[in-house]
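Worksheet for the structure shown next.
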Amino acid sequence: MPDYRKSSAHCHSTLCDGKNTLQEMASAAAAAGLETLGFTGHSHTPCDLEYCMTPSRTGLYKATIAKLRAEYRGKVDILCGLEWDQFSDDNPQLYDYWIGSVHYLRGPRTGKYYEIDWRPQDLKECMDNDFGGDGLAMAEAYFASVAEVAAKKPDILGHVDLIKKLNCTGAYFDENAPRYKAAALAALEAAQKAGCVLEINTGGVYRGFRSDFYPSFFLLEAWQKMGGRVVITADAHTTDALTYGYEEAAKLAKAAGFAEVQVMTVRGFEPCAL
């Protein structure tokens, strides 16, 4: 039976917004005794100039992973995945697996693309200029976008409530408000219909933005009641974060009622009992 502690299925490198090279990440995974390392570079997105791979970097990404796969054969199974964004022009079916994520909102009034997980001023501009200062309306639009991505049936639905990343003080919206919870649960229902695996993502905690993982516990409990499946990921951008918070995430999953988590392997998802 595979071990969730030995698989890291959401990882980034210097070819997008990671801090270490593909080679450095692979070397660290081997040294840590991982059995599976899945790279998931940010897919090229025309509206972005910051952290997505360019078309040329995408080609280098695929070629380098092919070399690493051969180099580490028998040590670590290396997969060429993709974190596909709602506005991406890449084809996720050309990869070993893909994570479907929402990192942007397109303003309904201005048509501007806003990164919702990076600079607080961008999130505030989005709320003020395109949602009339109504943070809950902004959150509702975000979760509607998540539902659209889920309907495309990604292998993994990424950080389903990423909109909360910069909201740790409640500055933009109330995460306990009925409107917020209803919108988030509607996105989960779309994911359940599509058969997505939901990630318990520890990355926001590692990088100091939150004290809780994605998704929030009320969503994790609701997902369990829906019969949904989960995979633990670190959204690792550095070598020392490959399996950050896995034990705590497993305890959280168990507390929400899960008896097992999915593990990404070279053969696809396999269950691991908690």
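Starting from 1 in every chain, residues are counted up; chains themselves are A, B, ... following the order of the structure tokens, and ligands are numbered from 1 as listed.
DSSP secondary structure from the backbone places Trp84, Asp85, Trp98, Ile99, Gly100, Ser101, Tyr104, Leu105, Arg106, Tyr113, Tyr114, Glu115, Ile156, Leu157, Val197, Leu198, Glu199, Ile200, Asn201, Tyr214, Arg229, Val230, Val231, Ile232, Thr233 and Ala236 of chain A of range 84-248 of chain A in strand (DSSP E or B).
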Those same residues - N, CA, C and O atoms - I'd like them written as a JSON list (two decimals), in the first residue's frame.
```json
[["chain", "number", "residue", "atom", "x", "y", "z"],
["A", 84, "TRP", "N", -3.13, 23.81, -14.02],
["A", 84, "TRP", "CA", -3.84, 24.51, -15.10],
["A", 84, "TRP", "C", -4.75, 25.56, -14.52],
["A", 84, "TRP", "O", -5.57, 25.28, -13.64],
["A", 85, "ASP", "N", -4.61, 26.78, -15.00],
["A", 85, "ASP", "CA", -5.42, 27.89, -14.52],
["A", 85, "ASP", "C", -6.66, 28.07, -15.40],
["A", 85, "ASP", "O", -6.65, 27.72, -16.58],
["A", 98, "TRP", "N", -3.32, 16.55, -14.03],
["A", 98, "TRP", "CA", -3.38, 18.00, -13.89],
["A", 98, "TRP", "C", -4.22, 18.43, -12.71],
["A", 98, "TRP", "O", -5.15, 17.74, -12.31],
["A", 99, "ILE", "N", -3.79, 19.55, -12.16],
["A", 99, "ILE", "CA", -4.50, 20.21, -11.07],
["A", 99, "ILE", "C", -5.24, 21.40, -11.67],
["A", 99, "ILE", "O", -4.65, 22.22, -12.38],
["A", 100, "GLY", "N", -6.53, 21.49, -11.41],
["A", 100, "GLY", "CA", -7.31, 22.64, -11.89],
["A", 100, "GLY", "C", -7.43, 23.68, -10.79],
["A", 100, "GLY", "O", -7.87, 23.35, -9.68],
["A", 101, "SER", "N", -7.02, 24.91, -11.08],
["A", 101, "SER", "CA", -6.98, 25.95, -10.05],
["A", 101, "SER", "C", -7.49, 27.29, -10.57],
["A", 101, "SER", "O", -7.50, 27.55, -11.77],
["A", 104, "TYR", "N", -7.01, 33.79, -10.52],
["A", 104, "TYR", "CA", -7.40, 35.11, -11.00],
["A", 104, "TYR", "C", -8.91, 35.26, -10.97],
["A", 104, "TYR", "O", -9.65, 34.29, -11.09],
["A", 105, "LEU", "N", -9.35, 36.50, -10.87],
["A", 105, "LEU", "CA", -10.71, 36.85, -11.19],
["A", 105, "LEU", "C", -10.67, 37.88, -12.31],
["A", 105, "LEU", "O", -9.81, 38.78, -12.31],
["A", 106, "ARG", "N", -11.56, 37.72, -13.25],
["A", 106, "ARG", "CA", -11.70, 38.75, -14.29],
["A", 106, "ARG", "C", -12.84, 39.65, -13.89],
["A", 106, "ARG", "O", -13.98, 39.22, -13.73],
["A", 113, "TYR", "N", -7.83, 41.52, -15.15],
["A", 113, "TYR", "CA", -7.49, 40.28, -14.46],
["A", 113, "TYR", "C", -6.79, 40.62, -13.14],
["A", 113, "TYR", "O", -5.81, 41.36, -13.13],
["A", 114, "TYR", "N", -7.31, 40.07, -12.06],
["A", 114, "TYR", "CA", -6.72, 40.31, -10.74],
["A", 114, "TYR", "C", -6.18, 39.01, -10.15],
["A", 114, "TYR", "O", -6.92, 38.02, -10.08],
["A", 115, "GLU", "N", -4.93, 39.00, -9.71],
["A", 115, "GLU", "CA", -4.43, 37.88, -8.93],
["A", 115, "GLU", "C", -5.04, 37.98, -7.54],
["A", 115, "GLU", "O", -4.93, 39.03, -6.89],
["A", 156, "ILE", "N", -7.09, 16.69, -9.90],
["A", 156, "ILE", "CA", -7.10, 17.28, -8.56],
["A", 156, "ILE", "C", -7.68, 18.69, -8.67],
["A", 156, "ILE", "O", -7.31, 19.45, -9.58],
["A", 157, "LEU", "N", -8.57, 19.04, -7.77],
["A", 157, "LEU", "CA", -9.05, 20.42, -7.70],
["A", 157, "LEU", "C", -8.19, 21.16, -6.69],
["A", 157, "LEU", "O", -8.12, 20.78, -5.52],
["A", 197, "VAL", "N", -10.72, 14.85, -7.25],
["A", 197, "VAL", "CA", -10.09, 14.62, -5.95],
["A", 197, "VAL", "C", -9.72, 15.99, -5.40],
["A", 197, "VAL", "O", -9.13, 16.82, -6.10],
["A", 198, "LEU", "N", -10.09, 16.26, -4.17],
["A", 198, "LEU", "CA", -9.83, 17.56, -3.54],
["A", 198, "LEU", "C", -8.51, 17.50, -2.78],
["A", 198, "LEU", "O", -8.26, 16.54, -2.05],
["A", 199, "GLU", "N", -7.67, 18.51, -2.95],
["A", 199, "GLU", "CA", -6.42, 18.50, -2.21],
["A", 199, "GLU", "C", -6.58, 19.19, -0.85],
["A", 199, "GLU", "O", -7.28, 20.19, -0.73],
["A", 200, "ILE", "N", -5.92, 18.60, 0.15],
["A", 200, "ILE", "CA", -5.69, 19.29, 1.42],
["A", 200, "ILE", "C", -4.31, 19.90, 1.25],
["A", 200, "ILE", "O", -3.30, 19.21, 1.25],
["A", 201, "ASN", "N", -4.27, 21.19, 1.06],
["A", 201, "ASN", "CA", -3.07, 21.91, 0.64],
["A", 201, "ASN", "C", -2.47, 22.66, 1.83],
["A", 201, "ASN", "O", -3.13, 23.51, 2.43],
["A", 214, "TYR", "N", -5.92, 24.74, 3.28],
["A", 214, "TYR", "CA", -7.04, 24.71, 2.33],
["A", 214, "TYR", "C", -7.44, 23.24, 2.17],
["A", 214, "TYR", "O", -6.56, 22.39, 2.00],
["A", 229, "ARG", "N", -13.17, 12.34, -2.33],
["A", 229, "ARG", "CA", -11.84, 11.82, -2.02],
["A", 229, "ARG", "C", -10.86, 12.98, -1.86],
["A", 229, "ARG", "O", -11.04, 14.05, -2.48],
["A", 230, "VAL", "N", -9.82, 12.77, -1.06],
["A", 230, "VAL", "CA", -8.83, 13.82, -0.81],
["A", 230, "VAL", "C", -7.42, 13.30, -1.03],
["A", 230, "VAL", "O", -7.14, 12.11, -0.89],
["A", 231, "VAL", "N", -6.53, 14.21, -1.38],
["A", 231, "VAL", "CA", -5.10, 13.94, -1.48],
["A", 231, "VAL", "C", -4.37, 15.04, -0.71],
["A", 231, "VAL", "O", -4.78, 16.20, -0.75],
["A", 232, "ILE", "N", -3.34, 14.68, 0.02],
["A", 232, "ILE", "CA", -2.57, 15.68, 0.77],
["A", 232, "ILE", "C", -1.43, 16.19, -0.11],
["A", 232, "ILE", "O", -0.67, 15.40, -0.67],
["A", 233, "THR", "N", -1.34, 17.51, -0.23],
["A", 233, "THR", "CA", -0.28, 18.12, -1.03],
["A", 233, "THR", "C", 0.37, 19.27, -0.26],
["A", 233, "THR", "O", -0.25, 19.85, 0.65],
["A", 236, "ALA", "N", 4.50, 22.68, -2.92],
["A", 236, "ALA", "CA", 5.88, 23.01, -2.57],
["A", 236, "ALA", "C", 6.55, 23.90, -3.61],
["A", 236, "ALA", "O", 6.59, 23.56, -4.80]]
```
Original post:
Quick one: DSSP helix (DSSP H, G or I) residues in range 36-269 of chain A, as a PyMOL selection string?
Top reply: chain A and resi 55-71+92-94+120-130+135-150+162-164+178-194+203-206+217-225+239-241+246-255
Using only C-alpha atoms, tabulate the residues of range 77-159 of chain A lying at most 10 Å from any atom of range 52-61 of chain A, each with its closest atom pair and that distance in Å to one decimal, by chain and increasing residue number, as CSV.
```
residue,atom,partner,partner_atom,distance
A:Cys80,CA,A:Tyr61,CA,8.5
A:Leu82,CA,A:Thr58,CA,9.9
A:Glu83,CA,A:Cys52,CA,9.6
A:Trp84,CA,A:Cys52,CA,9.8
A:Asp85,CA,A:Cys52,CA,9.3
A:Ser88,CA,A:Cys52,CA,9.3
A:Asp89,CA,A:Pro55,CA,10.0
A:Asp90,CA,A:Pro55,CA,8.9
```
**OP:** Find the spatial neighbours of Ala191 in chain A, counting only C-alpha atoms, within a cut-off of 8 Å - ignore same-chain residues fewer than 6 positions away - and output them as a VMD selection string.
**Re:** chain A and resid 147 150 to 151 153 157
Save out the residues we just selected, N, CA and C atoms, as a short mmCIF file (atom, residue, chain, number, x, y, z; two decimals), in the first residue's frame.
```cif
data_model
loop_
_atom_site.label_atom_id
_atom_site.label_comp_id
_atom_site.auth_asym_id
_atom_site.auth_seq_id
_atom_site.Cartn_x
_atom_site.Cartn_y
_atom_site.Cartn_z
N ALA A 147 -16.12 26.35 -9.58
CA ALA A 147 -17.09 25.38 -10.08
C ALA A 147 -16.90 25.15 -11.58
N ALA A 150 -13.86 22.94 -11.95
CA ALA A 150 -14.20 21.58 -11.51
C ALA A 150 -14.96 20.83 -12.59
N ALA A 151 -15.83 21.53 -13.31
CA ALA A 151 -16.64 20.90 -14.35
C ALA A 151 -15.79 20.35 -15.49
N LYS A 153 -13.26 18.56 -15.03
CA LYS A 153 -12.80 17.27 -14.49
C LYS A 153 -11.28 17.15 -14.36
N LEU A 157 -8.57 19.04 -7.77
CA LEU A 157 -9.05 20.42 -7.70
C LEU A 157 -8.19 21.16 -6.69
#
```
Contact residues around Thr243 in chain A with only C-alpha atoms at 12 Å, ignoring same-chain residues under 5 positions, as a compact mmCIF listing (two decimals) with N, CA, C and O atoms, in the first residue's frame:
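Dumped everything to result07.txt:
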```txt
# COMPACT_ATOMS: atom_id res chain seq x y z
N ASP A 3 2.25 5.08 0.67
CA ASP A 3 2.31 5.89 1.88
C ASP A 3 2.17 7.36 1.48
O ASP A 3 2.96 7.87 0.68
N TYR A 4 1.15 8.04 2.03
CA TYR A 4 0.91 9.44 1.66
C TYR A 4 2.11 10.33 2.00
O TYR A 4 2.31 11.38 1.39
N ARG A 5 2.94 9.89 2.95
CA ARG A 5 4.09 10.68 3.36
C ARG A 5 5.25 10.60 2.37
O ARG A 5 6.23 11.32 2.50
N LYS A 6 5.10 9.74 1.36
CA LYS A 6 6.19 9.55 0.39
C LYS A 6 5.81 9.96 -1.03
O LYS A 6 6.43 9.54 -1.99
N SER A 7 4.79 10.81 -1.14
CA SER A 7 4.37 11.30 -2.45
C SER A 7 4.09 12.79 -2.36
O SER A 7 3.36 13.24 -1.48
N SER A 8 4.68 13.56 -3.25
CA SER A 8 4.44 15.00 -3.30
C SER A 8 3.95 15.33 -4.71
O SER A 8 4.70 15.25 -5.68
N ALA A 9 2.66 15.67 -4.81
CA ALA A 9 2.02 15.76 -6.12
C ALA A 9 1.69 17.18 -6.57
O ALA A 9 1.05 17.37 -7.60
N HIS A 10 2.12 18.18 -5.81
CA HIS A 10 1.86 19.58 -6.20
C HIS A 10 3.15 20.35 -5.92
O HIS A 10 3.39 20.79 -4.79
N CYS A 11 3.99 20.49 -6.95
CA CYS A 11 5.32 21.07 -6.78
C CYS A 11 5.66 22.04 -7.90
O CYS A 11 5.29 21.82 -9.06
N MET A 25 14.83 19.92 -6.85
CA MET A 25 13.63 19.33 -6.25
C MET A 25 13.68 17.81 -6.32
O MET A 25 13.36 17.11 -5.35
N ALA A 28 16.26 16.48 -3.83
CA ALA A 28 15.74 16.55 -2.46
C ALA A 28 14.71 15.46 -2.21
O ALA A 28 14.65 14.87 -1.12
N ALA A 29 13.87 15.18 -3.22
CA ALA A 29 12.86 14.13 -3.07
C ALA A 29 13.52 12.78 -2.87
O ALA A 29 13.09 11.98 -2.02
N ALA A 32 15.01 12.51 0.58
CA ALA A 32 13.98 12.40 1.62
C ALA A 32 13.27 11.05 1.59
O ALA A 32 12.41 10.78 2.43
N GLY A 33 13.59 10.22 0.61
CA GLY A 33 12.98 8.90 0.53
C GLY A 33 11.59 8.89 -0.10
O GLY A 33 10.83 7.93 0.08
N LEU A 34 11.27 9.93 -0.87
CA LEU A 34 9.97 9.94 -1.53
C LEU A 34 9.93 8.88 -2.62
O LEU A 34 10.95 8.56 -3.24
N GLU A 35 8.75 8.33 -2.84
CA GLU A 35 8.56 7.35 -3.90
C GLU A 35 8.03 8.00 -5.17
O GLU A 35 8.28 7.50 -6.28
N THR A 36 7.29 9.10 -5.02
CA THR A 36 6.71 9.79 -6.18
C THR A 36 6.88 11.28 -6.03
O THR A 36 6.61 11.84 -4.95
N LEU A 37 7.31 11.93 -7.10
CA LEU A 37 7.42 13.38 -7.15
C LEU A 37 6.69 13.85 -8.40
O LEU A 37 7.08 13.51 -9.52
N ILE A 200 -5.92 18.60 0.15
CA ILE A 200 -5.69 19.29 1.42
C ILE A 200 -4.31 19.90 1.25
O ILE A 200 -3.30 19.21 1.25
N ASN A 201 -4.27 21.19 1.06
CA ASN A 201 -3.07 21.91 0.64
C ASN A 201 -2.47 22.66 1.83
O ASN A 201 -3.13 23.51 2.43
N THR A 202 -1.21 22.35 2.14
CA THR A 202 -0.57 22.94 3.32
C THR A 202 0.27 24.18 2.98
O THR A 202 0.88 24.77 3.87
N GLY A 203 0.30 24.57 1.71
CA GLY A 203 1.21 25.62 1.26
C GLY A 203 1.01 26.98 1.89
O GLY A 203 1.97 27.71 2.16
N TYR A 206 2.68 26.99 5.26
CA TYR A 206 4.14 26.98 5.15
C TYR A 206 4.67 28.38 4.84
O TYR A 206 5.68 28.82 5.41
N ILE A 232 -3.34 14.68 0.02
CA ILE A 232 -2.57 15.68 0.77
C ILE A 232 -1.43 16.19 -0.11
O ILE A 232 -0.67 15.40 -0.67
N THR A 233 -1.34 17.51 -0.23
CA THR A 233 -0.28 18.12 -1.03
C THR A 233 0.37 19.27 -0.26
O THR A 233 -0.25 19.85 0.65
N ALA A 234 1.59 19.60 -0.66
CA ALA A 234 2.31 20.68 0.01
C ALA A 234 2.38 21.95 -0.83
O ALA A 234 2.80 22.98 -0.34
N ASP A 235 1.97 21.87 -2.11
CA ASP A 235 2.11 23.03 -3.00
C ASP A 235 3.53 23.59 -2.84
O ASP A 235 3.74 24.78 -2.64
N ALA A 236 4.50 22.68 -2.92
CA ALA A 236 5.88 23.01 -2.57
C ALA A 236 6.55 23.90 -3.61
O ALA A 236 6.59 23.56 -4.80
N HIS A 237 7.09 25.01 -3.14
CA HIS A 237 7.86 25.92 -3.99
C HIS A 237 9.35 25.88 -3.64
O HIS A 237 10.15 26.58 -4.25
N THR A 238 9.70 25.08 -2.63
CA THR A 238 11.09 24.94 -2.19
C THR A 238 11.34 23.48 -1.81
O THR A 238 10.41 22.72 -1.53
N GLU A 248 -0.10 16.62 10.08
CA GLU A 248 -1.20 17.42 10.60
C GLU A 248 -2.40 17.37 9.66
O GLU A 248 -3.56 17.29 10.10
N ALA A 249 -2.13 17.39 8.36
CA ALA A 249 -3.21 17.31 7.38
C ALA A 249 -3.93 15.97 7.47
O ALA A 249 -5.16 15.89 7.33
N ALA A 250 -3.17 14.91 7.70
CA ALA A 250 -3.77 13.58 7.84
C ALA A 250 -4.68 13.53 9.08
O ALA A 250 -5.77 12.95 9.03
```
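Shell of Arg109 in chain A at 9 Å, with only C-alpha atoms counted and residues fewer than 2 places along the chain excluded, is Arg106, Gly107, Gly111, Lys112, Asn129, Asp130 and Phe131 of chain A.
For the choices A:Pro215, A:Gly228, A:Gly170, A:Gly132, the atom-to-atom distance to Lys193 in chain A is smallest for A:Gly228 when using only C-alpha atoms.
Compared by their closest atoms to Glu189 in chain A, and using only C-alpha atoms, the residues A:Ala253, A:Leu219, A:Cys126, A:Val263 rank with A:Leu219 nearest.
The shortest atom-to-atom distance to Glu140 in chain A, with only C-alpha atoms taken into account, belongs to A:Ala177 out of A:Leu220, A:Ala177, A:Leu79, A:Cys16.
Minimum atom-to-atom distance to Glu221 in chain A, evaluated using only C-alpha atoms, belongs to A:Leu252 out of A:Gly195, A:Phe143, A:Tyr180, A:Leu252.
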Sorted by chain and rising residue number, list the residues of range 69-185 of chain A at most 10 Å from range 264-274 of chain A (counting only C-alpha atoms), each with its closest atom pair and distance in Å to one decimal, as a tab-separated table.
```
residue	atom	partner	partner_atom	distance
A:Val76	CA	A:Val266	CA	9.7
A:Asp77	CA	A:Val266	CA	6.3
A:Ile78	CA	A:Val266	CA	7.7
A:Leu79	CA	A:Val266	CA	7.1
A:Asp96	CA	A:Gly268	CA	8.9
A:Tyr97	CA	A:Gly268	CA	8.5
A:Asp155	CA	A:Phe269	CA	9.2
```
**OP:** Quick one: pull the distance between CA of Leu242 in chain A and CA of His12 in chain A, Å, one decimal.
**Re:** 9.9 Å
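If you measure from each of A:Thr239, A:Gln192, A:Gln224, A:Asn167 to Lys152 in chain A using only C-alpha atoms, the closest one turns out to be A:Gln192.
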Original post:
How many Å lie between CA of Val146 in chain A and CA of Lys62 in chain A, rounded to one decimal?
Top reply: 26.6 Å
Original post:
Which neighbours of Tyr72 in chain A fall inside 9 Å, counting only C-alpha atoms, when residues of the same chain fewer than 6 positions from it are skipped, and could you give them as a PyMOL selection string?
Top reply: chain A and resi 26-27+30+78
Got time to write the residues from that selection, N, CA, C and O atoms, as a PDB file, in the first residue's frame?
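Output file out31.pdb follows:
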```pdb
ATOM      1  N   ALA A  26      14.128  17.286  -7.470  1.00  0.00           N
ATOM      2  CA  ALA A  26      14.223  15.835  -7.629  1.00  0.00           C
ATOM      3  C   ALA A  26      15.267  15.248  -6.687  1.00  0.00           C
ATOM      4  O   ALA A  26      15.043  14.202  -6.062  1.00  0.00           O
ATOM      5  N   SER A  27      16.402  15.921  -6.568  1.00  0.00           N
ATOM      6  CA  SER A  27      17.463  15.450  -5.674  1.00  0.00           C
ATOM      7  C   SER A  27      16.978  15.436  -4.230  1.00  0.00           C
ATOM      8  O   SER A  27      17.245  14.489  -3.480  1.00  0.00           O
ATOM      9  N   ALA A  30      14.575  12.511  -3.641  1.00  0.00           N
ATOM     10  CA  ALA A  30      15.293  11.239  -3.500  1.00  0.00           C
ATOM     11  C   ALA A  30      15.940  11.139  -2.128  1.00  0.00           C
ATOM     12  O   ALA A  30      15.873  10.095  -1.469  1.00  0.00           O
ATOM     13  N   ILE A  78       9.079  10.069 -11.188  1.00  0.00           N
ATOM     14  CA  ILE A  78       8.865  11.487 -11.457  1.00  0.00           C
ATOM     15  C   ILE A  78       7.786  11.650 -12.523  1.00  0.00           C
ATOM     16  O   ILE A  78       7.854  11.044 -13.596  1.00  0.00           O
TER      17      ILE A  78
END
```
**OP:** Find the spatial neighbours of Asn176 in chain A, counting only C-alpha atoms, within a cut-off of 12 Å - ignore same-chain residues fewer than 2 positions away - and output them as a ChimeraX atom specification.
**Re:** /A:136,164,170,173-174,178-184,216-219
Take the residues from that selection and write them out as a compact mmCIF listing (two decimals), in the first residue's frame, keeping all heavy atoms.
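part04.txt, written as the output of this step:
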```txt
# COMPACT_ATOMS: atom_id res chain seq x y z
N LEU A 136 -17.96 39.80 -0.18
CA LEU A 136 -18.67 38.53 -0.33
C LEU A 136 -19.07 38.28 -1.78
O LEU A 136 -19.04 37.14 -2.25
CB LEU A 136 -19.90 38.50 0.58
CG LEU A 136 -19.61 38.34 2.08
CD1 LEU A 136 -20.88 38.52 2.89
CD2 LEU A 136 -18.97 36.98 2.37
N LYS A 164 -9.33 32.84 0.40
CA LYS A 164 -9.15 33.22 1.81
C LYS A 164 -7.69 33.50 2.16
O LYS A 164 -7.41 33.93 3.28
CB LYS A 164 -9.70 32.14 2.74
CG LYS A 164 -8.82 30.89 2.84
CD LYS A 164 -9.38 29.87 3.82
CE LYS A 164 -8.40 28.70 4.02
NZ LYS A 164 -8.90 27.71 5.00
N GLY A 170 -9.82 38.81 8.22
CA GLY A 170 -11.20 39.11 7.87
C GLY A 170 -11.38 40.47 7.23
O GLY A 170 -12.48 41.02 7.24
N PHE A 173 -13.78 39.83 3.76
CA PHE A 173 -15.09 39.19 3.88
C PHE A 173 -15.11 38.30 5.13
O PHE A 173 -14.05 37.94 5.67
CB PHE A 173 -15.45 38.37 2.64
CG PHE A 173 -14.34 37.46 2.17
CD1 PHE A 173 -14.11 36.23 2.76
CD2 PHE A 173 -13.51 37.86 1.13
CE1 PHE A 173 -13.07 35.41 2.33
CE2 PHE A 173 -12.47 37.04 0.69
CZ PHE A 173 -12.25 35.81 1.29
N ASP A 174 -16.31 37.96 5.56
CA ASP A 174 -16.52 37.11 6.72
C ASP A 174 -16.60 35.66 6.25
O ASP A 174 -17.55 35.29 5.55
CB ASP A 174 -17.80 37.53 7.44
CG ASP A 174 -18.11 36.67 8.66
OD1 ASP A 174 -17.30 35.75 8.97
OD2 ASP A 174 -19.17 36.89 9.28
N PRO A 178 -23.14 33.31 5.86
CA PRO A 178 -23.92 32.33 5.08
C PRO A 178 -23.67 32.42 3.58
O PRO A 178 -23.60 31.39 2.90
CB PRO A 178 -25.37 32.68 5.44
CG PRO A 178 -25.28 33.26 6.82
CD PRO A 178 -24.00 34.05 6.81
N ARG A 179 -23.51 33.64 3.06
CA ARG A 179 -23.25 33.79 1.62
C ARG A 179 -21.93 33.14 1.23
O ARG A 179 -21.84 32.47 0.18
CB ARG A 179 -23.23 35.27 1.23
CG ARG A 179 -24.59 35.93 1.13
CD ARG A 179 -24.45 37.43 0.90
NE ARG A 179 -23.74 37.74 -0.33
CZ ARG A 179 -23.29 38.98 -0.64
NH1 ARG A 179 -23.45 39.97 0.23
NH2 ARG A 179 -22.68 39.18 -1.78
N TYR A 180 -20.92 33.33 2.05
CA TYR A 180 -19.61 32.74 1.76
C TYR A 180 -19.69 31.22 1.78
O TYR A 180 -19.23 30.54 0.84
CB TYR A 180 -18.59 33.22 2.79
CG TYR A 180 -17.21 32.63 2.59
CD1 TYR A 180 -16.29 33.24 1.73
CD2 TYR A 180 -16.82 31.46 3.24
CE1 TYR A 180 -15.03 32.68 1.52
CE2 TYR A 180 -15.57 30.90 3.04
CZ TYR A 180 -14.67 31.52 2.19
OH TYR A 180 -13.44 30.96 1.98
N LYS A 181 -20.30 30.68 2.82
CA LYS A 181 -20.37 29.23 2.95
C LYS A 181 -21.22 28.60 1.84
O LYS A 181 -20.88 27.54 1.30
CB LYS A 181 -20.92 28.85 4.32
CG LYS A 181 -19.93 29.13 5.45
CD LYS A 181 -20.40 28.53 6.77
CE LYS A 181 -19.32 28.64 7.83
NZ LYS A 181 -19.70 27.99 9.10
N ALA A 182 -22.31 29.28 1.46
CA ALA A 182 -23.16 28.74 0.41
C ALA A 182 -22.41 28.69 -0.92
O ALA A 182 -22.52 27.72 -1.68
CB ALA A 182 -24.42 29.60 0.27
N ALA A 183 -21.64 29.73 -1.21
CA ALA A 183 -20.88 29.77 -2.47
C ALA A 183 -19.81 28.69 -2.49
O ALA A 183 -19.60 28.00 -3.50
CB ALA A 183 -20.25 31.14 -2.65
N ALA A 184 -19.12 28.51 -1.36
CA ALA A 184 -18.07 27.50 -1.27
C ALA A 184 -18.65 26.09 -1.40
O ALA A 184 -18.09 25.24 -2.10
CB ALA A 184 -17.32 27.64 0.05
N SER A 216 -10.94 24.93 4.34
CA SER A 216 -11.36 25.11 5.73
C SER A 216 -12.08 23.84 6.20
O SER A 216 -12.62 23.07 5.41
CB SER A 216 -12.30 26.31 5.84
OG SER A 216 -11.61 27.51 5.56
N PHE A 217 -12.09 23.64 7.53
CA PHE A 217 -12.59 22.39 8.08
C PHE A 217 -14.06 22.14 7.73
O PHE A 217 -14.45 20.99 7.48
CB PHE A 217 -12.38 22.36 9.59
CG PHE A 217 -12.61 21.00 10.19
CD1 PHE A 217 -11.76 19.95 9.90
CD2 PHE A 217 -13.70 20.76 11.01
CE1 PHE A 217 -11.97 18.69 10.45
CE2 PHE A 217 -13.92 19.51 11.55
CZ PHE A 217 -13.05 18.46 11.27
N PHE A 218 -14.87 23.19 7.69
CA PHE A 218 -16.29 22.97 7.38
C PHE A 218 -16.46 22.42 5.97
O PHE A 218 -17.37 21.62 5.69
CB PHE A 218 -17.11 24.26 7.58
CG PHE A 218 -17.09 25.24 6.44
CD1 PHE A 218 -18.05 25.19 5.43
CD2 PHE A 218 -16.12 26.23 6.37
CE1 PHE A 218 -18.04 26.10 4.38
CE2 PHE A 218 -16.11 27.14 5.34
CZ PHE A 218 -17.07 27.08 4.34
N LEU A 219 -15.56 22.81 5.06
CA LEU A 219 -15.60 22.28 3.69
C LEU A 219 -15.10 20.84 3.65
O LEU A 219 -15.63 20.01 2.91
CB LEU A 219 -14.77 23.16 2.76
CG LEU A 219 -15.35 24.54 2.46
CD1 LEU A 219 -14.36 25.38 1.67
CD2 LEU A 219 -16.67 24.42 1.70
```
